[in-house]
$ cat start-v4.cif   # mmCIF, C-alpha atoms
data_start
#
loop_
_atom_site.label_atom_id
_atom_site.label_comp_id
_atom_site.auth_asym_id
_atom_site.auth_seq_id
_atom_site.Cartn_x
_atom_site.Cartn_y
_atom_site.Cartn_z
CA MET Q 1 76.98 100.81 94.59
CA ILE Q 2 80.35 99.25 93.82
CA ARG Q 3 80.40 95.48 93.49
CA LEU Q 4 83.49 93.38 93.03
CA ASP Q 5 83.91 89.74 92.20
CA ILE Q 6 86.94 88.96 94.34
CA THR Q 7 87.35 85.43 93.01
CA GLY Q 8 86.68 86.55 89.43
CA ARG Q 9 88.92 86.53 86.42
CA SER Q 10 89.54 90.19 85.89
CA PRO Q 11 91.97 92.03 88.19
CA ILE Q 12 90.35 93.82 91.12
CA TYR Q 13 91.69 97.24 90.09
CA GLU Q 14 90.12 96.80 86.63
CA GLN Q 15 86.79 95.81 88.12
CA LEU Q 16 86.95 98.84 90.36
CA CYS Q 17 87.68 101.12 87.39
CA ARG Q 18 84.68 99.73 85.50
CA GLU Q 19 82.38 100.10 88.50
CA ILE Q 20 83.36 103.73 88.99
CA CYS Q 21 82.95 104.40 85.26
CA GLY Q 22 79.49 102.82 85.50
CA GLU Q 23 78.53 105.23 88.27
CA ILE Q 24 79.76 108.12 86.14
CA ALA Q 25 77.87 106.93 83.02
CA ARG Q 26 74.67 106.51 85.04
CA GLY Q 27 75.05 110.02 86.34
CA LEU Q 28 75.38 108.90 89.96
CA LEU Q 29 78.79 110.51 90.07
CA VAL Q 30 78.99 113.88 88.35
CA GLU Q 31 81.65 116.44 87.54
CA ASN Q 32 83.66 117.52 90.58
CA ASP Q 33 82.18 114.86 92.85
CA ARG Q 34 84.79 113.64 95.26
CA LEU Q 35 85.67 109.95 95.25
CA PRO Q 36 86.00 108.21 98.61
CA ALA Q 37 89.48 108.16 100.13
CA ALA Q 38 91.50 105.00 99.45
CA ARG Q 39 91.25 104.07 103.12
CA VAL Q 40 87.45 104.29 103.15
CA LEU Q 41 86.91 102.42 99.90
CA ALA Q 42 89.47 99.74 100.78
CA LYS Q 43 87.69 99.04 104.06
CA ASP Q 44 84.23 99.08 102.46
CA LEU Q 45 85.26 96.59 99.83
CA GLY Q 46 87.68 94.57 101.96
CA ILE Q 47 90.59 95.16 99.60
CA ASN Q 48 94.12 96.51 99.76
CA PRO Q 49 94.36 100.34 99.75
CA ASN Q 50 97.16 100.08 97.18
CA THR Q 51 94.66 98.45 94.81
CA VAL Q 52 92.32 101.43 95.20
CA ALA Q 53 95.24 103.76 94.57
CA LYS Q 54 96.13 101.77 91.44
CA ALA Q 55 92.56 102.03 90.10
CA TYR Q 56 92.48 105.78 90.80
CA GLY Q 57 95.80 106.09 89.01
CA MET Q 58 94.40 104.36 85.92
CA LEU Q 59 91.30 106.54 85.92
CA GLU Q 60 93.40 109.65 86.27
CA ARG Q 61 95.65 108.56 83.40
CA ASP Q 62 92.53 108.22 81.23
CA GLY Q 63 91.28 111.66 82.22
CA ILE Q 64 88.20 110.26 83.96
CA ILE Q 65 89.11 111.73 87.32
CA TYR Q 66 91.61 114.32 88.50
CA SER Q 67 93.43 114.53 91.78
CA VAL Q 68 94.14 117.50 93.96
CA SER Q 69 97.12 116.68 96.11
CA GLY Q 70 96.34 116.46 99.79
CA ILE Q 71 92.59 116.65 99.18
CA GLY Q 72 91.53 113.74 97.02
CA CYS Q 73 90.24 112.61 93.65
CA PHE Q 74 87.39 114.21 91.75
CA VAL Q 75 85.29 113.31 88.72
CA SER Q 76 86.30 115.11 85.51
CA LYS Q 77 83.94 116.79 83.08
CA GLU Q 78 84.81 114.57 80.13
CA LYS Q 79 82.95 111.23 80.06
CA ALA Q 80 84.53 109.70 76.96
CA GLY Q 81 87.11 107.81 79.01
CA ALA Q 82 84.42 106.26 81.20
CA TYR Q 83 82.50 105.12 78.13
CA ARG Q 84 85.69 103.54 76.77
CA TRP Q 85 86.10 101.47 79.95
CA LEU Q 86 82.48 100.35 79.82
CA THR Q 87 82.50 99.35 76.17
CA GLU Q 88 85.79 97.45 76.16
CA ASP Q 89 84.06 94.05 76.47
CA PHE Q 90 81.51 95.07 73.85
CA ARG Q 91 84.25 96.03 71.45
CA ARG Q 92 86.09 92.76 71.99
CA LYS Q 93 82.94 90.66 71.59
CA THR Q 94 82.06 92.56 68.43
CA ARG Q 95 85.53 91.91 67.02
CA GLU Q 96 85.22 88.23 67.90
CA ALA Q 97 81.75 87.88 66.35
CA PHE Q 98 82.83 89.74 63.21
CA GLY Q 99 85.95 87.61 63.01
CA ALA Q 100 83.87 84.45 63.39
CA GLY Q 101 81.88 85.45 60.29
CA VAL Q 102 78.85 87.35 61.61
CA PRO Q 103 78.11 90.00 58.93
CA LYS Q 104 78.24 93.68 59.78
CA GLU Q 105 74.50 94.08 59.06
CA ALA Q 106 73.63 91.47 61.70
CA LEU Q 107 75.81 93.29 64.25
CA LEU Q 108 74.25 96.63 63.40
CA GLN Q 109 70.82 95.08 63.73
CA ILE Q 110 71.64 94.00 67.29
CA LEU Q 111 72.67 97.55 68.06
CA GLU Q 112 69.45 98.84 66.54
CA GLU Q 113 67.33 96.36 68.53
CA GLU Q 114 69.07 96.90 71.84
CA CYS Q 115 69.29 100.64 71.64
CA GLY Q 116 66.07 101.23 69.74
CA GLY Q 117 67.51 104.25 68.01
CA GLU Q 118 66.73 106.20 71.18
CA ASN Q 119 68.94 107.79 73.74
CA SER Q 120 70.27 105.64 76.55
CA PRO Q 121 67.58 104.91 79.17
CA GLN Q 122 69.80 106.62 81.71
CA THR Q 123 69.07 109.96 80.15
CA GLN Q 124 65.31 109.51 79.93
CA GLY Q 125 64.37 107.78 83.18
CA VAL Q 126 63.51 104.19 84.00
CA LYS Q 127 63.72 101.60 81.28
CA ASP Q 128 60.85 99.15 80.77
CA ASP Q 129 62.16 95.61 80.62
CA ASP Q 130 60.01 93.14 78.76
CA MET Y 1 112.69 96.25 102.54
CA ILE Y 2 113.19 92.64 103.52
CA GLU Y 3 115.64 90.87 101.29
CA ILE Y 4 115.96 87.12 101.21
CA LYS Y 5 118.95 85.89 99.22
CA ASN Y 6 119.70 82.30 98.26
CA VAL Y 7 118.34 80.86 101.46
CA THR Y 8 118.57 77.09 101.92
CA MET Y 9 117.47 75.37 105.09
CA ASP Y 10 117.87 71.73 106.09
CA PHE Y 11 116.47 69.91 109.06
CA ILE Y 12 117.75 66.61 110.35
CA GLY Y 13 114.85 64.20 110.50
CA LYS Y 14 114.73 60.85 112.18
CA ALA Y 15 111.79 58.53 111.94
CA VAL Y 16 111.40 55.67 114.43
CA GLY Y 17 113.73 52.81 113.52
CA GLU Y 18 115.27 54.65 110.61
CA PRO Y 19 118.64 56.35 110.19
CA ARG Y 20 118.90 60.11 110.30
CA LYS Y 21 118.31 61.90 107.05
CA ILE Y 22 118.40 65.45 105.82
CA LEU Y 23 115.06 67.08 105.11
CA ARG Y 24 115.43 70.06 102.83
CA ALA Y 25 112.80 72.61 103.96
CA LEU Y 26 113.90 75.45 101.69
CA GLU Y 27 116.08 75.50 98.62
CA ASP Y 28 117.77 78.58 97.22
CA ILE Y 29 114.95 81.05 97.94
CA SER Y 30 115.45 84.66 96.87
CA ILE Y 31 112.70 87.25 97.22
CA ARG Y 32 112.37 90.93 98.03
CA ILE Y 33 109.53 92.33 100.06
CA PRO Y 34 109.16 96.06 99.37
CA ASP Y 35 107.91 98.49 102.02
CA GLY Y 36 104.27 99.47 102.29
CA CYS Y 37 102.79 96.38 100.72
CA VAL Y 38 100.89 93.32 101.80
CA TYR Y 39 102.87 90.30 100.73
CA GLY Y 40 101.23 86.88 100.55
CA PHE Y 41 102.91 83.52 101.15
CA LEU Y 42 101.10 80.80 99.26
CA GLY Y 43 102.03 77.19 99.21
CA SER Y 44 101.02 73.60 99.51
CA ASN Y 45 101.00 72.01 102.93
CA GLY Y 46 104.55 71.61 104.20
CA ALA Y 47 105.94 73.81 101.43
CA GLY Y 48 108.19 75.76 103.80
CA LYS Y 49 106.13 78.91 104.42
CA SER Y 50 106.40 78.81 108.20
CA THR Y 51 110.09 77.91 108.07
CA LEU Y 52 110.79 80.94 105.89
CA MET Y 53 108.78 83.18 108.22
CA ARG Y 54 110.73 81.92 111.21
CA LEU Y 55 114.00 82.62 109.40
CA MET Y 56 112.81 86.12 108.49
CA CYS Y 57 112.07 86.86 112.11
CA GLY Y 58 115.30 85.44 113.42
CA VAL Y 59 113.72 82.44 115.15
CA TYR Y 60 115.94 80.15 113.10
CA ARG Y 61 119.44 80.93 111.96
CA THR Y 62 120.10 80.80 108.23
CA GLN Y 63 122.39 77.95 107.21
CA SER Y 64 123.24 79.44 103.84
CA GLY Y 65 122.20 82.64 102.13
CA SER Y 66 121.16 85.79 103.95
CA ILE Y 67 118.07 87.57 105.22
CA THR Y 68 118.26 91.30 105.82
CA ILE Y 69 115.75 93.81 107.12
CA ASP Y 70 116.53 97.28 105.79
CA GLY Y 71 120.06 96.13 105.10
CA SER Y 72 120.85 94.46 108.44
CA GLU Y 73 121.09 90.73 109.04
CA VAL Y 74 118.21 89.66 111.26
CA TRP Y 75 119.79 86.75 113.16
CA ASP Y 76 120.93 87.68 116.67
CA ASN Y 77 120.44 91.34 115.87
CA PRO Y 78 118.09 93.05 118.37
CA GLU Y 79 118.03 96.28 116.36
CA ALA Y 80 116.76 94.57 113.21
CA LYS Y 81 114.36 92.42 115.20
CA ALA Y 82 112.85 95.51 116.85
CA ASN Y 83 111.35 96.31 113.45
CA ILE Y 84 109.56 93.03 112.97
CA PHE Y 85 106.80 91.17 114.80
CA PHE Y 86 105.97 87.54 114.28
CA VAL Y 87 102.44 86.27 114.83
CA ASN Y 88 103.20 82.60 115.22
CA ASP Y 89 100.49 80.06 114.53
CA GLU Y 90 101.33 78.55 117.93
CA THR Y 91 99.99 80.32 121.01
CA VAL Y 92 100.46 77.60 123.60
CA GLN Y 93 103.49 79.41 125.05
CA TYR Y 94 101.21 82.21 126.30
CA SER Y 95 98.77 79.88 128.12
CA ASP Y 96 99.78 81.08 131.58
CA PHE Y 97 99.56 84.76 130.67
CA THR Y 98 96.67 87.11 131.26
CA LEU Y 99 96.40 89.79 128.56
CA GLU Y 100 97.99 92.27 130.94
CA ALA Y 101 100.96 89.92 131.35
CA LEU Y 102 101.10 89.42 127.59
CA ALA Y 103 101.28 93.18 127.08
CA LYS Y 104 104.06 93.55 129.65
CA TYR Y 105 105.94 90.67 128.07
CA PHE Y 106 105.95 92.27 124.63
CA ALA Y 107 106.57 95.73 126.07
CA SER Y 108 109.81 94.35 127.53
CA TYR Y 109 110.99 93.49 124.01
CA TYR Y 110 109.53 96.31 121.97
CA ASP Y 111 110.38 99.85 123.09
CA ASN Y 112 107.53 101.36 121.12
CA PHE Y 113 104.87 99.11 122.63
CA SER Y 114 101.69 101.12 123.18
CA PHE Y 115 99.54 99.98 126.09
CA GLU Y 116 96.97 102.49 124.94
CA THR Y 117 96.65 100.81 121.52
CA PHE Y 118 96.59 97.38 123.16
CA HIS Y 119 93.78 98.30 125.58
CA ARG Y 120 91.82 99.95 122.81
CA LEU Y 121 92.13 96.85 120.61
CA ILE Y 122 91.25 94.30 123.28
CA GLY Y 123 88.32 96.55 124.23
CA THR Y 124 87.11 96.58 120.63
CA LEU Y 125 87.60 92.83 120.38
CA GLY Y 126 85.85 92.29 123.72
CA LEU Y 127 88.64 90.15 125.16
CA PRO Y 128 88.74 89.58 128.96
CA ASN Y 129 91.70 91.16 130.72
CA ASP Y 130 91.70 89.01 133.85
CA ARG Y 131 91.64 85.45 132.51
CA LYS Y 132 94.60 83.31 131.57
CA MET Y 133 94.97 82.81 127.85
CA GLY Y 134 94.90 79.03 128.31
CA THR Y 135 91.15 79.37 128.90
CA PHE Y 136 90.63 81.31 125.63
CA SER Y 137 89.19 79.81 122.47
CA LYS Y 138 91.50 79.40 119.45
CA GLY Y 139 90.08 82.55 117.83
CA MET Y 140 90.46 84.58 121.03
CA LYS Y 141 94.11 83.54 121.40
CA ARG Y 142 94.79 84.59 117.86
CA GLN Y 143 93.02 87.93 118.34
CA SER Y 144 95.12 88.54 121.46
CA VAL Y 145 98.40 88.02 119.67
CA VAL Y 146 97.27 90.11 116.71
CA ALA Y 147 96.31 92.91 119.14
CA ALA Y 148 99.78 92.63 120.68
CA ALA Y 149 101.36 92.68 117.22
CA LEU Y 150 99.60 95.87 116.26
CA SER Y 151 100.53 97.48 119.59
CA CYS Y 152 104.26 96.94 119.10
CA GLY Y 153 104.36 99.53 116.33
CA THR Y 154 106.82 97.55 114.23
CA LYS Y 155 107.39 98.41 110.59
CA TYR Y 156 106.97 94.77 109.54
CA ILE Y 157 104.34 92.35 110.80
CA VAL Y 158 104.58 88.70 109.83
CA MET Y 159 101.45 86.63 110.31
CA ASP Y 160 101.50 82.89 109.91
CA GLU Y 161 98.02 81.70 108.89
CA ALA Y 162 96.77 85.19 109.61
CA PHE Y 163 93.07 84.52 109.42
CA ASP Y 164 93.00 81.00 110.73
CA GLY Y 165 90.40 80.53 113.44
CA LEU Y 166 88.83 83.96 113.00
CA ASP Y 167 85.15 84.33 112.22
CA PRO Y 168 84.05 86.50 109.27
CA ALA Y 169 83.36 89.55 111.45
CA MET Y 170 86.83 89.30 112.98
CA ARG Y 171 88.42 88.80 109.57
CA LYS Y 172 86.75 91.98 108.44
CA MET Y 173 87.94 93.83 111.53
CA LEU Y 174 91.49 92.57 111.08
CA LYS Y 175 91.49 93.65 107.44
CA ASP Y 176 90.25 97.12 108.42
CA ILE Y 177 93.03 97.40 110.98
CA ILE Y 178 95.57 96.31 108.36
CA VAL Y 179 94.35 99.06 106.01
CA ASP Y 180 94.81 101.65 108.78
CA GLU Y 181 98.27 100.36 109.62
CA MET Y 182 99.33 100.60 105.99
CA ILE Y 183 98.05 104.11 105.51
CA ASP Y 184 98.96 105.58 108.90
CA ARG Y 185 102.35 103.97 109.40
CA ASN Y 186 103.30 102.65 105.97
CA ALA Y 187 103.47 99.23 107.65
CA THR Y 188 104.39 96.17 105.63
CA LEU Y 189 102.51 92.95 106.22
CA ILE Y 190 103.57 89.47 105.32
CA VAL Y 191 100.76 86.95 105.56
CA SER Y 192 100.47 83.29 104.81
CA SER Y 193 97.15 81.66 104.08
CA HIS Y 194 95.65 78.63 102.45
CA ASN Y 195 92.75 80.79 101.40
CA VAL Y 196 93.80 81.97 97.95
CA ALA Y 197 90.81 84.32 97.60
CA GLU Y 198 91.89 86.07 100.76
CA ILE Y 199 95.43 86.52 99.44
CA ASN Y 200 93.96 87.81 96.19
CA GLU Y 201 91.91 90.56 97.80
CA LEU Y 202 94.42 91.55 100.41
CA CYS Y 203 97.85 91.34 98.84
CA ASP Y 204 99.85 93.43 96.35
CA ARG Y 205 102.40 90.75 95.82
CA ALA Y 206 102.62 87.06 96.50
CA MET Y 207 104.92 84.12 96.11
CA LEU Y 208 104.19 80.44 95.76
CA LEU Y 209 106.34 77.82 97.46
CA HIS Y 210 106.23 74.13 96.70
CA GLN Y 211 108.38 71.52 98.42
CA GLY Y 212 110.81 74.17 99.55
CA LYS Y 213 111.27 75.71 96.11
CA LEU Y 214 110.06 79.06 94.85
CA VAL Y 215 107.52 78.68 92.02
CA PHE Y 216 106.92 82.39 91.45
CA ASP Y 217 107.14 85.77 93.15
CA ASP Y 218 105.42 88.76 91.58
CA GLU Y 219 102.64 91.31 91.75
CA ILE Y 220 99.28 89.58 92.01
CA ASP Y 221 98.05 91.10 88.75
CA ASN Y 222 101.17 89.93 86.91
CA ILE Y 223 100.86 86.44 88.32
CA ARG Y 224 97.31 86.18 87.04
CA SER Y 225 98.04 87.63 83.64
CA GLY Y 226 101.13 85.46 83.30
CA VAL Y 227 99.12 82.27 82.80
CA SER Y 228 96.17 81.77 80.44
CA LYS Y 229 93.64 79.13 79.70
CA VAL Y 230 93.39 78.71 75.93
CA GLN Y 231 90.89 76.84 73.83
CA VAL Y 232 91.98 76.09 70.27
CA ALA Y 233 89.88 74.34 67.62
CA ARG Y 234 91.32 73.05 64.34
CA ARG Y 235 89.21 71.03 61.93
CA SER Y 236 92.24 69.39 60.32
CA GLY Y 237 93.10 67.82 63.68
CA PRO Y 238 93.75 68.94 67.25
CA VAL Y 239 96.85 70.97 67.99
CA THR Y 240 99.33 68.74 69.79
CA LYS Y 241 101.19 69.58 72.94
CA GLU Y 242 104.44 69.47 70.97
CA GLU Y 243 103.11 72.09 68.56
CA PHE Y 244 102.42 74.46 71.46
CA GLU Y 245 105.85 73.82 72.86
CA GLY Y 246 107.33 74.28 69.40
CA LEU Y 247 105.93 77.81 69.48
CA GLY Y 248 107.90 78.43 72.65
CA LEU Y 249 104.91 78.11 74.98
CA SER Y 250 105.28 76.42 78.34
CA VAL Y 251 102.32 74.07 78.74
CA LEU Y 252 101.00 73.48 82.26
CA GLN Y 253 97.97 71.47 81.29
CA TYR Y 254 96.67 69.91 78.09
CA SER Y 255 93.51 68.01 77.17
CA VAL Y 256 91.80 67.11 73.86
CA MET Y 257 88.15 66.69 72.96
CA GLY Y 258 87.62 66.00 69.27
CA SER Y 259 89.32 68.76 67.33
CA VAL Y 260 89.23 71.08 70.33
CA VAL Y 261 92.18 71.45 72.65
CA GLN Y 262 92.02 73.02 76.06
CA THR Y 263 95.33 74.02 77.49
CA VAL Y 264 96.90 76.17 80.16
CA VAL Y 265 100.03 77.97 79.03
CA LYS Y 266 102.43 80.46 80.52
CA GLY Y 267 102.75 83.87 78.95
CA VAL Y 268 101.01 87.21 78.61
CA GLY Y 269 97.74 87.33 76.59
CA GLU Y 270 98.86 89.18 73.46
CA GLU Y 271 102.14 87.32 73.27
CA ILE Y 272 100.24 84.01 73.21
CA THR Y 273 97.78 85.23 70.58
CA GLN Y 274 100.66 86.21 68.31
CA LYS Y 275 102.37 82.87 68.72
CA LEU Y 276 99.15 80.97 68.05
CA GLU Y 277 98.70 82.71 64.70
CA GLY Y 278 101.11 80.22 63.18
CA LEU Y 279 98.80 77.28 63.92
CA SER Y 280 96.13 78.01 61.26
CA ALA Y 281 93.48 77.24 63.88
CA ASP Y 282 89.79 77.81 63.19
CA PHE Y 283 88.97 79.15 66.59
CA VAL Y 284 91.02 80.51 69.47
CA GLU Y 285 89.62 81.67 72.76
CA MET Y 286 91.56 82.81 75.76
CA VAL Y 287 90.52 83.42 79.34
CA PRO Y 288 92.68 84.75 82.15
CA LEU Y 289 92.99 82.55 85.21
CA THR Y 290 91.93 83.25 88.75
CA LEU Y 291 94.71 83.17 91.34
CA GLU Y 292 93.26 79.92 92.65
CA GLU Y 293 93.54 78.33 89.21
CA VAL Y 294 97.14 79.54 88.84
CA PHE Y 295 97.90 77.94 92.19
CA ILE Y 296 96.33 74.63 91.19
CA TYR Y 297 97.83 74.42 87.68
CA GLU Y 298 101.33 75.42 88.78
CA LEU Y 299 101.31 72.71 91.43
CA GLU Y 300 99.68 70.14 89.15
CA ALA Y 301 102.45 70.73 86.66
CA ARG Y 302 104.82 69.78 89.49
CA GLY Y 303 103.01 66.54 90.13
CA TYR Y 304 100.99 67.73 93.10
CA GLY Y 305 97.24 67.44 93.30
CA TYR Y 306 94.24 65.27 92.79
CA GLU Y 307 95.38 63.29 89.76
CA SER Y 308 98.76 62.34 91.16
CA LEU Y 309 97.10 61.36 94.44
CA ALA Y 310 94.67 59.15 92.55
CA GLU Y 311 97.49 57.36 90.76
CA ASN Y 312 99.33 56.37 93.90
#
$ encode --input "start-v4.cif" --output "structure tokens"
Amino acid sequence: MIRLDITGRSPIYEQLCREICGEIARGLLVENDRLPAARVLAKDLGINPNTVAKAYGMLERDGIIYSVSGIGCFVSKEKAGAYRWLTEDFRRKTREAFGAGVPKEALLQILEEECGGENSPQTQGVKDDD
Amino acid sequence: MIEIKNVTMDFIGKAVGEPRKILRALEDISIRIPDGCVYGFLGSNGAGKSTLMRLMCGVYRTQSGSITIDGSEVWDNPEAKANIFFVNDETVQYSDFTLEALAKYFASYYDNFSFETFHRLIGTLGLPNDRKMGTFSKGMKRQSVVAAALSCGTKYIVMDEAFDGLDPAMRKMLKDIIVDEMIDRNATLIVSSHNVAEINELCDRAMLLHQGKLVFDDEIDNIRSGVSKVQVARRSGPVTKEEFEGLGLSVLQYSVMGSVVQTVVKGVGEEITQKLEGLSADFVEMVPLTLEEVFIYELEARGYGYESLAEN
């Protein structure tokens, strides 16, 4: 499900890109799945169709989706672009923390703790939160 | 495209017991409204939004400057006016009309008026066809005029306080209809609203008016990324406003707490970061603004808002 924070700080098209990338990373959208038409998504989300078109344009530029003219937009095979969108904040925060003096070992330890050295929970079923 | 060039508009005002004086409603306004977009008019109360809309639709005549629709002057030009519909925030003039009469009235002005679309819309909206509009609620009157606007098939639709008096379900329906109009007919909508969040979700571009002057006119995403809230900490002493200005930054707001400064400056994110490097600060954090914050800070910088009200 796509959720937007209309009054939020990041531009709506960026939020939309991230949400779609999230669906792709979770495996809810897979290769060759068709994305909703701009009209449909704009109405669902209560936003301007040009904003949807802008988000689709960005995703296409990054190779995350491809468009077939007159038919619509489809999810590409390659997921690297989607991961890049989803880890942008993480990368920035890491840079900030490192810049503020947090040693590399401490950052790696967080990674180790959060990811447990395992595959992402998305690829092995439901994650147990404790 | 609608092109507004150097438009200035004065009204003659006369208060009781006082001599006549000139009230400047608009001063040297120039904007372009491209086709196929939703363009938002933002502004403080009395900023001149409605005046500009009336000029664009040929209700008022321009005193200086020009307003053209697809290249033709709009004033006294039926051909240009046939392409534009104005949803006025006043509906009292239709009080004696039934919806059928309203449809016939607009059909006499707009050759492309579609009774079919009109009947479909008032059916969807559940509006009564046999009652005079004077008996309608504020929301129903507004819905009626919007239904008429969409039935005229004009390329441009101008809506003053578009969503005023509509309940959330009706707002949603109106937005859906706008989406269809844009995609099916490449229609261009110009809307004014006090609800900044609504402008943010609906519009591609927007402009801000204040006391008759243009503050900005740009794509929404550029407007938001053009102003940033910055927090700068420096142990050797807070960065002064003059230091920021010395770096070529335009400061909209500035406040100090200990060695930490919070400020709102104009400029694009990376540009600001680069400029701030010269300050030898210990900590710099930057957050983009919401459209609402841009609105408030831009007007505060012009002496409008809570603080200036409190002083008087």
$ axis_aligned_box --input "start-v4.cif" --around "stretch 207-224 of chain Y" --padding-each-side "6 Å" --output "JSON"
{"center_x": 104.3, "center_y": 81.4, "center_z": 93.2, "size_x": 26.0, "size_y": 31.8, "size_z": 24.6}
$ resolve_selection --input "start-v4.cif" --expression "the PyMOL selection byres ((chain Q and resi 80-85) around 8)" --output "ChimeraX atom specification"
/Q:17-18,21-22,24-25,62-64,78-79,86-88
$ closest_residue --input "start-v4.cif" --among "Y:Val146, Y:Val268, Y:Val92, Y:Ile157" --to "Y:Asn186" --atoms "only C-alpha atoms"
Y:Ile157
$ resolve_selection --input "start-v4.cif" --expression "the PyMOL selection byres ((chain Q) within 8 of (chain Y))" --output "PyMOL selection string"
chain Q and resi 6-12+39+42-43+46-51
$ residues_around --input "start-v4.cif" --residues "Y:Leu52" --least-positions-apart "4" --cutoff "9 Å" --atoms "all atoms listed in the file" --output "ChimeraX atom specification"
/Y:7,9,25-26,29,48,56-57,60
$ closest_residue --input "start-v4.cif" --among "Y:Ile69, Y:Leu166, Y:Leu214, Y:Met159" --to "Y:Gly139" --atoms "only C-alpha atoms"
Y:Leu166
$ resolve_selection --input "start-v4.cif" --expression "the PyMOL selection byres ((chain Y and resi 39) around 10)" --output "ChimeraX atom specification"
/Y:32-38,40-42,158,188-192,199,202-207,217-220
$ residues_near_point --input "start-v4.cif" --point "(96.3, 83.1, 127.2)" --cutoff "9 Å" --atoms "all atoms listed in the file" --output "CSV table (one decimal) with C-alpha atoms, in the frame of the given file"
chain,number,residue,atom,x,y,z
Y,91,THR,CA,100.0,80.3,121.0
Y,92,VAL,CA,100.5,77.6,123.6
Y,93,GLN,CA,103.5,79.4,125.0
Y,94,TYR,CA,101.2,82.2,126.3
Y,95,SER,CA,98.8,79.9,128.1
Y,96,ASP,CA,99.8,81.1,131.6
Y,97,PHE,CA,99.6,84.8,130.7
Y,98,THR,CA,96.7,87.1,131.3
Y,99,LEU,CA,96.4,89.8,128.6
Y,102,LEU,CA,101.1,89.4,127.6
Y,131,ARG,CA,91.6,85.4,132.5
Y,132,LYS,CA,94.6,83.3,131.6
Y,133,MET,CA,95.0,82.8,127.8
Y,134,GLY,CA,94.9,79.0,128.3
Y,135,THR,CA,91.2,79.4,128.9
Y,136,PHE,CA,90.6,81.3,125.6
Y,140,MET,CA,90.5,84.6,121.0
Y,141,LYS,CA,94.1,83.5,121.4
Y,144,SER,CA,95.1,88.5,121.5
$ closest_residue --input "start-v4.cif" --among "Y:Gly71, Y:Glu243, Y:His210, Y:Arg61" --to "Y:Tyr304" --atoms "all atoms listed in the file"
Y:His210
$ residues_near_point --input "start-v4.cif" --point "(86.1, 119.7, 91.1)" --cutoff "8 Å" --atoms "all atoms listed in the file" --output "count of residues only"
7
$ atom_distance --input "start-v4.cif" --atom1 "atom CA of Q:Glu19" --atom2 "atom CA of Q:Ser69"
23.5 Å
$ atom_distance --input "start-v4.cif" --atom1 "atom CA of Y:Ala147" --atom2 "atom CA of Y:Phe118"
6.0 Å
$ atom_distance --input "start-v4.cif" --atom1 "atom CA of Y:Tyr156" --atom2 "atom CA of Q:Lys54"
22.2 Å
$ closest_residue --input "start-v4.cif" --among "Q:Ile110, Q:Ile65, Q:Pro103, Q:Arg92" --to "Q:Val30" --atoms "only C-alpha atoms"
Q:Ile65
$ closest_residue --input "start-v4.cif" --among "Q:Leu35, Q:Met58, Q:Leu107, Q:Val40" --to "Q:Phe90" --atoms "only C-alpha atoms"
Q:Leu107
